[in-house]
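Structure data (mmCIF, C-alpha atoms) from start_21.cif:
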```cif
data_model
#
loop_
_atom_site.group_PDB
_atom_site.id
_atom_site.type_symbol
_atom_site.label_atom_id
_atom_site.label_comp_id
_atom_site.auth_asym_id
_atom_site.auth_seq_id
_atom_site.Cartn_x
_atom_site.Cartn_y
_atom_site.Cartn_z
ATOM 1 C CA MET A 1 8.844 18.994 -26.519
ATOM 2 C CA SER A 2 10.765 19.701 -29.680
ATOM 3 C CA ILE A 3 14.468 19.804 -30.464
ATOM 4 C CA GLU A 4 14.182 21.852 -33.656
ATOM 5 C CA HIS A 5 11.634 24.363 -32.343
ATOM 6 C CA PRO A 6 12.089 24.927 -28.584
ATOM 7 C CA ILE A 7 9.400 26.509 -26.410
ATOM 8 C CA ILE A 8 9.865 28.491 -23.190
ATOM 9 C CA SER A 9 6.884 29.058 -20.921
ATOM 10 C CA VAL A 10 6.692 31.612 -18.098
ATOM 11 C CA ILE A 11 3.759 31.035 -15.758
ATOM 12 C CA GLY A 12 2.554 33.623 -13.277
ATOM 13 C CA SER A 13 -0.718 35.263 -12.356
ATOM 14 C CA SER A 14 -1.655 38.888 -12.895
ATOM 15 C CA GLY A 15 0.515 41.211 -10.830
ATOM 16 C CA SER A 16 3.113 38.539 -10.082
ATOM 17 C CA GLY A 17 5.966 40.192 -11.944
ATOM 18 C CA THR A 18 5.923 38.239 -15.208
ATOM 19 C CA THR A 19 6.255 41.491 -17.168
ATOM 20 C CA THR A 20 9.622 42.161 -15.503
ATOM 21 C CA VAL A 21 10.685 38.597 -16.234
ATOM 22 C CA LYS A 22 9.679 38.995 -19.885
ATOM 23 C CA PHE A 23 11.895 42.077 -20.092
ATOM 24 C CA THR A 24 14.831 39.991 -18.833
ATOM 25 C CA PHE A 25 14.147 37.313 -21.433
ATOM 26 C CA ASP A 26 13.954 39.986 -24.137
ATOM 27 C CA GLN A 27 17.374 41.226 -23.039
ATOM 28 C CA ILE A 28 18.816 37.721 -23.319
ATOM 29 C CA PHE A 29 17.258 37.145 -26.747
ATOM 30 C CA ARG A 30 18.551 40.490 -28.034
ATOM 31 C CA ARG A 31 22.057 40.043 -26.648
ATOM 32 C CA GLU A 32 22.430 36.506 -27.998
ATOM 33 C CA GLY A 33 20.863 37.332 -31.362
ATOM 34 C CA PHE A 34 17.945 34.925 -30.985
ATOM 35 C CA VAL A 35 14.640 35.513 -32.785
ATOM 36 C CA ALA A 36 11.730 34.706 -30.497
ATOM 37 C CA ALA A 37 8.086 34.361 -31.491
ATOM 38 C CA SER A 38 5.825 35.420 -28.629
ATOM 39 C CA ILE A 39 2.445 34.359 -27.236
ATOM 40 C CA GLU A 40 0.696 36.285 -24.469
ATOM 41 C CA GLY A 41 -1.640 34.188 -22.370
ATOM 42 C CA ASP A 42 -4.549 36.602 -22.617
ATOM 43 C CA ALA A 43 -4.630 35.981 -26.381
ATOM 44 C CA PHE A 44 -6.320 32.700 -25.489
ATOM 45 C CA HIS A 45 -9.016 34.089 -23.215
ATOM 46 C CA ARG A 46 -12.391 32.792 -24.368
ATOM 47 C CA TYR A 47 -14.278 36.088 -23.986
ATOM 48 C CA ASN A 48 -13.645 39.717 -24.835
ATOM 49 C CA ARG A 49 -14.018 42.252 -22.016
ATOM 50 C CA ALA A 50 -17.757 42.876 -22.411
ATOM 51 C CA ASP A 51 -18.606 39.207 -22.918
ATOM 52 C CA MET A 52 -16.502 38.205 -19.911
ATOM 53 C CA LYS A 53 -18.372 40.698 -17.748
ATOM 54 C CA ALA A 54 -21.702 39.337 -18.997
ATOM 55 C CA GLU A 55 -20.638 35.710 -18.512
ATOM 56 C CA THR A 56 -19.404 36.435 -14.993
ATOM 57 C CA ALA A 57 -22.757 38.034 -14.116
ATOM 58 C CA ARG A 58 -24.622 35.077 -15.591
ATOM 59 C CA ARG A 59 -22.545 32.624 -13.586
ATOM 60 C CA ARG A 60 -23.067 34.556 -10.371
ATOM 61 C CA GLU A 61 -26.808 34.594 -10.896
ATOM 62 C CA ALA A 62 -26.606 30.822 -11.349
ATOM 63 C CA GLY A 63 -24.718 30.488 -8.041
ATOM 64 C CA ASP A 64 -21.156 30.186 -9.384
ATOM 65 C CA GLN A 65 -19.005 32.625 -7.403
ATOM 66 C CA THR A 66 -15.679 31.270 -8.685
ATOM 67 C CA PHE A 67 -15.615 32.115 -12.400
ATOM 68 C CA SER A 68 -12.634 34.259 -13.450
ATOM 69 C CA HIS A 69 -9.846 34.490 -16.017
ATOM 70 C CA PHE A 70 -7.999 31.899 -13.925
ATOM 71 C CA SER A 71 -10.712 29.323 -14.668
ATOM 72 C CA THR A 72 -10.014 26.717 -17.328
ATOM 73 C CA ASP A 73 -13.383 27.253 -19.010
ATOM 74 C CA ALA A 74 -12.712 30.992 -19.355
ATOM 75 C CA ASN A 75 -9.854 30.174 -21.705
ATOM 76 C CA LEU A 76 -9.242 28.396 -25.005
ATOM 77 C CA LEU A 77 -6.828 25.874 -23.549
ATOM 78 C CA GLU A 78 -7.303 23.281 -26.267
ATOM 79 C CA GLU A 79 -6.404 25.924 -28.837
ATOM 80 C CA LEU A 80 -3.367 26.969 -26.781
ATOM 81 C CA GLN A 81 -2.239 23.364 -26.587
ATOM 82 C CA SER A 82 -2.709 22.998 -30.339
ATOM 83 C CA SER A 83 -0.642 26.131 -30.981
ATOM 84 C CA LEU A 84 2.221 24.896 -28.816
ATOM 85 C CA ARG A 85 2.069 21.480 -30.471
ATOM 86 C CA ALA A 86 2.078 23.072 -33.933
ATOM 87 C CA TYR A 87 5.075 25.246 -33.112
ATOM 88 C CA GLY A 88 7.014 22.281 -31.780
ATOM 89 C CA GLN A 89 6.322 20.371 -34.988
ATOM 90 C CA THR A 90 6.655 23.113 -37.607
ATOM 91 C CA GLY A 91 8.119 26.257 -36.042
ATOM 92 C CA LYS A 92 4.857 28.103 -36.754
ATOM 93 C CA CYS A 93 1.529 28.459 -34.957
ATOM 94 C CA LYS A 94 -1.512 30.701 -34.588
ATOM 95 C CA SER A 95 -2.004 33.442 -32.032
ATOM 96 C CA ARG A 96 -3.685 36.827 -31.654
ATOM 97 C CA THR A 97 -3.482 39.899 -29.436
ATOM 98 C CA TYR A 98 -5.831 41.048 -26.689
ATOM 99 C CA VAL A 99 -6.025 44.840 -26.813
ATOM 100 C CA HIS A 100 -5.915 46.334 -23.321
ATOM 101 C CA ASP A 101 -6.036 50.104 -23.789
ATOM 102 C CA GLU A 102 -6.185 53.017 -26.237
ATOM 103 C CA PRO A 103 -2.466 53.035 -27.210
ATOM 104 C CA GLU A 104 -2.742 49.348 -28.118
ATOM 105 C CA ALA A 105 -6.022 50.046 -29.921
ATOM 106 C CA GLU A 106 -4.294 52.639 -32.109
ATOM 107 C CA LYS A 107 -1.507 50.173 -32.859
ATOM 108 C CA HIS A 108 -3.749 47.235 -33.785
ATOM 109 C CA GLY A 109 -6.851 48.993 -35.070
ATOM 110 C CA VAL A 110 -9.106 47.129 -32.641
ATOM 111 C CA PRO A 111 -11.109 48.694 -29.756
ATOM 112 C CA PRO A 112 -9.857 48.105 -26.191
ATOM 113 C CA GLY A 113 -11.201 44.912 -24.677
ATOM 114 C CA HIS A 114 -11.284 43.051 -27.999
ATOM 115 C CA PHE A 115 -9.011 40.648 -29.872
ATOM 116 C CA THR A 116 -7.193 41.039 -33.151
ATOM 117 C CA ASP A 117 -7.743 38.383 -35.806
ATOM 118 C CA TRP A 118 -5.828 35.115 -35.542
ATOM 119 C CA ASN A 119 -2.477 35.246 -37.336
ATOM 120 C CA GLU A 120 0.301 32.795 -38.059
ATOM 121 C CA ILE A 121 3.481 33.540 -36.114
ATOM 122 C CA GLY A 122 6.907 31.959 -35.832
ATOM 123 C CA GLU A 123 8.250 32.012 -39.378
ATOM 124 C CA GLY A 124 12.062 32.220 -39.129
ATOM 125 C CA SER A 125 12.105 32.163 -35.319
ATOM 126 C CA ASP A 126 14.581 30.324 -33.090
ATOM 127 C CA LEU A 127 12.101 29.650 -30.291
ATOM 128 C CA LEU A 128 8.625 30.389 -28.967
ATOM 129 C CA PHE A 129 8.147 32.380 -25.754
ATOM 130 C CA TYR A 130 4.855 32.057 -23.839
ATOM 131 C CA GLU A 131 3.962 34.260 -20.873
ATOM 132 C CA GLY A 132 0.660 33.932 -19.063
ATOM 133 C CA LEU A 133 -1.557 32.040 -16.640
ATOM 134 C CA HIS A 134 -1.800 28.572 -18.138
ATOM 135 C CA GLY A 135 1.570 27.635 -19.635
ATOM 136 C CA ALA A 136 1.895 24.419 -17.612
ATOM 137 C CA VAL A 137 -1.708 23.317 -17.075
ATOM 138 C CA LYS A 138 -2.268 19.582 -16.762
ATOM 139 C CA ALA A 139 -5.954 18.913 -16.103
ATOM 140 C CA ASP A 140 -9.298 18.016 -17.692
ATOM 141 C CA GLY A 141 -7.684 16.200 -20.618
ATOM 142 C CA ILE A 142 -5.325 19.126 -21.301
ATOM 143 C CA ASP A 143 -1.560 18.664 -20.996
ATOM 144 C CA ILE A 144 -0.011 21.979 -21.952
ATOM 145 C CA ALA A 145 2.904 21.204 -19.620
ATOM 146 C CA ALA A 146 4.099 18.512 -22.048
ATOM 147 C CA TYR A 147 5.114 20.980 -24.771
ATOM 148 C CA PRO A 148 7.457 23.652 -23.338
ATOM 149 C CA ASP A 149 11.127 22.685 -23.108
ATOM 150 C CA LEU A 150 11.738 25.124 -20.259
ATOM 151 C CA LYS A 151 9.010 26.108 -17.791
ATOM 152 C CA ILE A 152 9.557 29.036 -15.430
ATOM 153 C CA GLY A 153 7.275 29.887 -12.511
ATOM 154 C CA VAL A 154 7.045 33.448 -11.194
ATOM 155 C CA VAL A 155 5.409 33.125 -7.815
ATOM 156 C CA PRO A 156 5.280 35.871 -5.194
ATOM 157 C CA VAL A 157 3.913 34.844 -1.800
ATOM 158 C CA ILE A 158 0.188 35.381 -1.910
ATOM 159 C CA ASN A 159 -0.118 38.530 0.238
ATOM 160 C CA LEU A 160 2.503 40.236 -1.904
ATOM 161 C CA GLU A 161 0.722 39.149 -5.067
ATOM 162 C CA TRP A 162 -2.502 40.657 -3.748
ATOM 163 C CA ILE A 163 -0.790 43.922 -2.813
ATOM 164 C CA GLN A 164 0.689 44.186 -6.306
ATOM 165 C CA LYS A 165 -2.658 43.466 -7.954
ATOM 166 C CA ILE A 166 -4.576 45.918 -5.759
ATOM 167 C CA HIS A 167 -2.129 48.728 -6.424
ATOM 168 C CA ARG A 168 -1.875 48.018 -10.156
ATOM 169 C CA ASP A 169 -5.618 47.755 -10.739
ATOM 170 C CA ARG A 170 -6.356 50.871 -8.714
ATOM 171 C CA ALA A 171 -3.649 52.921 -10.440
ATOM 172 C CA SER A 172 -3.948 51.756 -14.050
ATOM 173 C CA ARG A 173 -7.562 50.582 -14.286
ATOM 174 C CA GLY A 174 -9.358 52.846 -11.832
ATOM 175 C CA TYR A 175 -10.806 49.996 -9.768
ATOM 176 C CA SER A 176 -11.724 50.443 -6.124
ATOM 177 C CA THR A 177 -10.108 48.273 -3.450
ATOM 178 C CA GLU A 178 -13.503 46.591 -2.978
ATOM 179 C CA ALA A 179 -13.743 45.736 -6.683
ATOM 180 C CA VAL A 180 -10.243 44.224 -6.733
ATOM 181 C CA THR A 181 -11.004 42.293 -3.552
ATOM 182 C CA ASP A 182 -14.074 40.827 -5.255
ATOM 183 C CA VAL A 183 -11.903 39.675 -8.177
ATOM 184 C CA ILE A 184 -9.409 38.078 -5.771
ATOM 185 C CA LEU A 185 -12.189 36.200 -3.987
ATOM 186 C CA ARG A 186 -13.618 34.891 -7.265
ATOM 187 C CA ARG A 187 -10.182 33.717 -8.334
ATOM 188 C CA MET A 188 -9.334 31.749 -5.200
ATOM 189 C CA HIS A 189 -10.908 28.437 -6.267
ATOM 190 C CA ALA A 190 -9.078 28.436 -9.609
ATOM 191 C CA TYR A 191 -5.912 29.753 -7.953
ATOM 192 C CA VAL A 192 -5.855 26.657 -5.750
ATOM 193 C CA HIS A 193 -6.921 24.144 -8.395
ATOM 194 C CA VAL A 194 -5.465 25.592 -11.630
ATOM 195 C CA ILE A 195 -2.637 28.040 -10.939
ATOM 196 C CA CYS A 196 -0.785 26.504 -7.962
ATOM 197 C CA PRO A 197 -0.533 22.949 -9.406
ATOM 198 C CA GLN A 198 1.366 24.325 -12.394
ATOM 199 C CA PHE A 199 4.288 25.258 -10.172
ATOM 200 C CA THR A 200 4.995 21.575 -9.551
ATOM 201 C CA GLN A 201 5.398 21.203 -13.345
ATOM 202 C CA THR A 202 7.887 24.063 -13.724
ATOM 203 C CA ASP A 203 11.631 23.535 -14.082
ATOM 204 C CA ILE A 204 12.549 26.650 -12.094
ATOM 205 C CA ASN A 205 10.473 28.799 -9.733
ATOM 206 C CA PHE A 206 11.319 32.351 -8.713
ATOM 207 C CA GLN A 207 9.331 33.198 -5.584
ATOM 208 C CA ARG A 208 9.533 36.708 -4.195
ATOM 209 C CA VAL A 209 9.170 36.991 -0.409
ATOM 210 C CA PRO A 210 8.838 40.402 1.295
ATOM 211 C CA VAL A 211 10.776 41.024 4.500
ATOM 212 C CA VAL A 212 8.425 43.796 5.642
ATOM 213 C CA ASP A 213 4.961 43.423 7.127
ATOM 214 C CA THR A 214 2.355 42.448 4.516
ATOM 215 C CA SER A 215 -0.071 40.870 6.966
ATOM 216 C CA ASN A 216 -3.046 42.923 5.710
ATOM 217 C CA PRO A 217 -2.568 43.413 1.960
ATOM 218 C CA PHE A 218 -5.873 45.239 1.618
ATOM 219 C CA ILE A 219 -4.673 48.317 3.520
ATOM 220 C CA ALA A 220 -1.012 48.317 2.404
ATOM 221 C CA ARG A 221 -0.045 51.802 1.274
ATOM 222 C CA TRP A 222 2.805 50.717 -1.011
ATOM 223 C CA ILE A 223 4.266 47.662 -2.667
ATOM 224 C CA PRO A 224 7.397 46.300 -0.960
ATOM 225 C CA THR A 225 10.423 47.230 -3.005
ATOM 226 C CA ALA A 226 12.957 44.791 -4.409
ATOM 227 C CA GLY A 227 15.316 45.858 -1.634
ATOM 228 C CA GLU A 228 12.654 44.859 0.894
ATOM 229 C CA SER A 229 12.353 41.373 -0.566
ATOM 230 C CA LEU A 230 14.160 38.092 -0.990
ATOM 231 C CA VAL A 231 13.734 35.710 -3.908
ATOM 232 C CA VAL A 232 13.704 31.938 -3.418
ATOM 233 C CA ILE A 233 14.857 30.105 -6.555
ATOM 234 C CA ARG A 234 13.920 26.423 -6.698
ATOM 235 C CA PHE A 235 15.201 23.983 -9.332
ATOM 236 C CA ARG A 236 13.096 20.886 -9.953
ATOM 237 C CA ASN A 237 16.221 19.037 -11.078
ATOM 238 C CA PRO A 238 19.376 20.550 -9.514
ATOM 239 C CA ARG A 239 21.706 18.265 -11.449
ATOM 240 C CA GLY A 240 24.154 20.364 -13.456
ATOM 241 C CA ILE A 241 23.394 23.593 -11.556
ATOM 242 C CA ASP A 242 26.639 25.139 -10.289
ATOM 243 C CA PHE A 243 25.413 26.409 -6.923
ATOM 244 C CA PRO A 244 28.872 27.459 -5.614
ATOM 245 C CA TYR A 245 29.285 29.606 -8.726
ATOM 246 C CA LEU A 246 25.869 31.231 -8.287
ATOM 247 C CA VAL A 247 26.478 31.922 -4.590
ATOM 248 C CA SER A 248 29.874 33.457 -5.398
ATOM 249 C CA MET A 249 28.466 35.615 -8.202
ATOM 250 C CA ILE A 250 25.321 36.837 -6.404
ATOM 251 C CA HIS A 251 26.302 38.841 -3.343
ATOM 252 C CA HIS A 252 24.518 37.880 -0.094
ATOM 253 C CA SER A 253 22.935 34.745 -1.586
ATOM 254 C CA TRP A 254 22.856 31.374 0.135
ATOM 255 C CA MET A 255 21.495 27.853 -0.259
ATOM 256 C CA THR A 256 18.587 26.673 1.881
ATOM 257 C CA ARG A 257 18.053 23.231 0.358
ATOM 258 C CA ALA A 258 19.902 21.021 -2.083
ATOM 259 C CA ASN A 259 17.761 22.442 -4.903
ATOM 260 C CA SER A 260 17.144 26.000 -3.647
ATOM 261 C CA ILE A 261 19.028 29.271 -3.411
ATOM 262 C CA VAL A 262 17.927 32.543 -1.807
ATOM 263 C CA ILE A 263 19.007 35.894 -3.257
ATOM 264 C CA PRO A 264 18.351 39.564 -2.402
ATOM 265 C CA GLY A 265 15.317 40.843 -4.290
ATOM 266 C CA ASP A 266 17.288 43.455 -6.184
ATOM 267 C CA LYS A 267 19.543 40.726 -7.622
ATOM 268 C CA LEU A 268 16.745 38.973 -9.519
ATOM 269 C CA ASP A 269 17.747 40.254 -12.940
ATOM 270 C CA ILE A 270 21.395 39.206 -12.647
ATOM 271 C CA ALA A 271 20.356 35.833 -11.193
ATOM 272 C CA MET A 272 18.030 35.183 -14.114
ATOM 273 C CA GLN A 273 20.726 36.223 -16.562
ATOM 274 C CA LEU A 274 23.248 33.852 -14.978
ATOM 275 C CA ILE A 275 20.839 30.921 -14.681
ATOM 276 C CA LEU A 276 18.753 31.199 -17.830
ATOM 277 C CA THR A 277 21.222 32.422 -20.466
ATOM 278 C CA PRO A 278 23.169 29.135 -20.745
ATOM 279 C CA MET A 279 19.913 27.146 -20.739
ATOM 280 C CA ILE A 280 18.448 29.227 -23.559
ATOM 281 C CA ILE A 281 21.688 29.056 -25.547
ATOM 282 C CA ARG A 282 21.692 25.254 -25.284
ATOM 283 C CA LEU A 283 18.072 25.023 -26.440
ATOM 284 C CA VAL A 284 18.559 27.321 -29.436
ATOM 285 C CA GLU A 285 21.918 25.904 -30.523
ATOM 286 C CA ARG A 286 20.538 22.363 -30.308
ATOM 287 C CA GLY A 287 17.569 23.462 -32.406
ATOM 288 C CA ARG A 288 19.769 25.136 -35.015
ATOM 289 C CA ARG A 289 21.938 22.041 -35.314
ATOM 290 C CA ALA A 290 18.857 19.831 -35.713
ATOM 291 C CA LYS A 291 17.540 22.054 -38.505
#
```

I'd like the structure from this file rewritten - as structure tokens, please.
Amino acid sequence: MSIEHPIISVIGSSGSGTTTVKFTFDQIFRREGFVAASIEGDAFHRYNRADMKAETARRREAGDQTFSHFSTDANLLEELQSSLRAYGQTGKCKSRTYVHDEPEAEKHGVPPGHFTDWNEIGEGSDLLFYEGLHGAVKADGIDIAAYPDLKIGVVPVINLEWIQKIHRDRASRGYSTEAVTDVILRRMHAYVHVICPQFTQTDINFQRVPVVDTSNPFIARWIPTAGESLVVIRFRNPRGIDFPYLVSMIHHSWMTRANSIVIPGDKLDIAMQLILTPMIIRLVERGRRAK
């Protein structure tokens, strides 16, 4: 952790809603006039799209049915840790971009499914923002969780996460339900051993819970809307959190534990603005004073 060069990490698996959360952070950065360097977790995947497909097939032939992008060995976690460490020390680090589709390919000049070259980022920034799968990993000699100053978990209940992934991958990537189901099954081992443990390292978790029937996510015709959901917000350390203020400001919210508040799903953005803005301001202002 660094005073001069703060790091914020948002951890959530594919389809969990981290993109929406990133948009909220971008709003806060823009409104407060903060310059944020950004790292996307897929920049540190070990394999490009074709190589990942080949490696997955090789593993399956060897009897490994659990290899996926969730797996630690499918990612360059030592390099990610080094980048976070470097930013904390110097305000600069290395990253790259994974190109997902044709519009991104035109922008970066790299075919879809490949990476851009490594580049130095962070010059003149107030903070570093990471969003991805492994921003709080602590395993196998890796301690990425030690470097971010603020760690945020985005954690829908698992059936909802599956529904979101199935619908997204079918709509935007052309996958069949069976193909997405196969990916989910391969990810389960790493989900249990790599993804879930990170949410005990996070400072705040936002967990979306549907209030409609999601008992069979594989036949769900639509994703539950925000209005059909609640969000449980858990603070690892509730000291200094003004819960009466939050409950008064967020209509129809209530406390369920001494460190938890429940809000309507369509109030997530305002809740994040109220909770995270003062935290981010403190981190950046402390960093600017230290510089």

Residues matched by the PyMOL selection byres ((chain A and resi 143) around 12), written as a short mmCIF file (atom, residue, chain, number, x, y, z; two decimals) with C-alpha atoms, in the frame of the given file:
```cif
data_model
loop_
_atom_site.label_atom_id
_atom_site.label_comp_id
_atom_site.auth_asym_id
_atom_site.auth_seq_id
_atom_site.Cartn_x
_atom_site.Cartn_y
_atom_site.Cartn_z
CA MET A 1 8.84 18.99 -26.52
CA LEU A 77 -6.83 25.87 -23.55
CA GLU A 78 -7.30 23.28 -26.27
CA GLU A 79 -6.40 25.92 -28.84
CA LEU A 80 -3.37 26.97 -26.78
CA GLN A 81 -2.24 23.36 -26.59
CA SER A 82 -2.71 23.00 -30.34
CA LEU A 84 2.22 24.90 -28.82
CA ARG A 85 2.07 21.48 -30.47
CA HIS A 134 -1.80 28.57 -18.14
CA GLY A 135 1.57 27.64 -19.64
CA ALA A 136 1.90 24.42 -17.61
CA VAL A 137 -1.71 23.32 -17.08
CA LYS A 138 -2.27 19.58 -16.76
CA ALA A 139 -5.95 18.91 -16.10
CA ASP A 140 -9.30 18.02 -17.69
CA GLY A 141 -7.68 16.20 -20.62
CA ILE A 142 -5.32 19.13 -21.30
CA ILE A 144 -0.01 21.98 -21.95
CA ALA A 145 2.90 21.20 -19.62
CA ALA A 146 4.10 18.51 -22.05
CA TYR A 147 5.11 20.98 -24.77
CA PRO A 148 7.46 23.65 -23.34
CA GLN A 198 1.37 24.32 -12.39
CA GLN A 201 5.40 21.20 -13.34
#
```

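Neighbours of region 274-277 of chain A closer than or equal to 8 Å, with only C-alpha atoms counted and sequence neighbours fewer than 3 positions away skipped, come out as Ile28, Leu246, Ile270, Ala271, Ile280 and Ile281 of chain A.
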
Report task. Name the residues that the PyMOL selection byres ((chain A and resi 119) around 10) picks from the file above, as a VMD selection string, using the file's chain letters and numbers. Result -> chain A and resid 93 to 97 116 to 118 120 to 121

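Nearest to Ala43 (chain A) of all the residues A:Thr56, A:Asn75, A:Thr200, A:Thr20 is A:Asn75, counting only C-alpha atoms.
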
Query - Pick from A:Leu185, A:Asn205, A:Gly63, A:Gly174, whichever lies nearest to Lys151 (chain A) using only C-alpha atoms - result: A:Asn205

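For the choices A:Val212, A:Val21, A:Leu150, A:Ile3, the atom-to-atom distance to Gln273 (chain A) is smallest for A:Val21 when using all atoms listed in the file.
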
Requested in this report: Please identify all polymer residues lying at most 8 Å from the point (0.2, 43.3, 1.3) (file coordinates), using all atoms listed in the file, and present the result as a count of residues only.
Outcome: 15
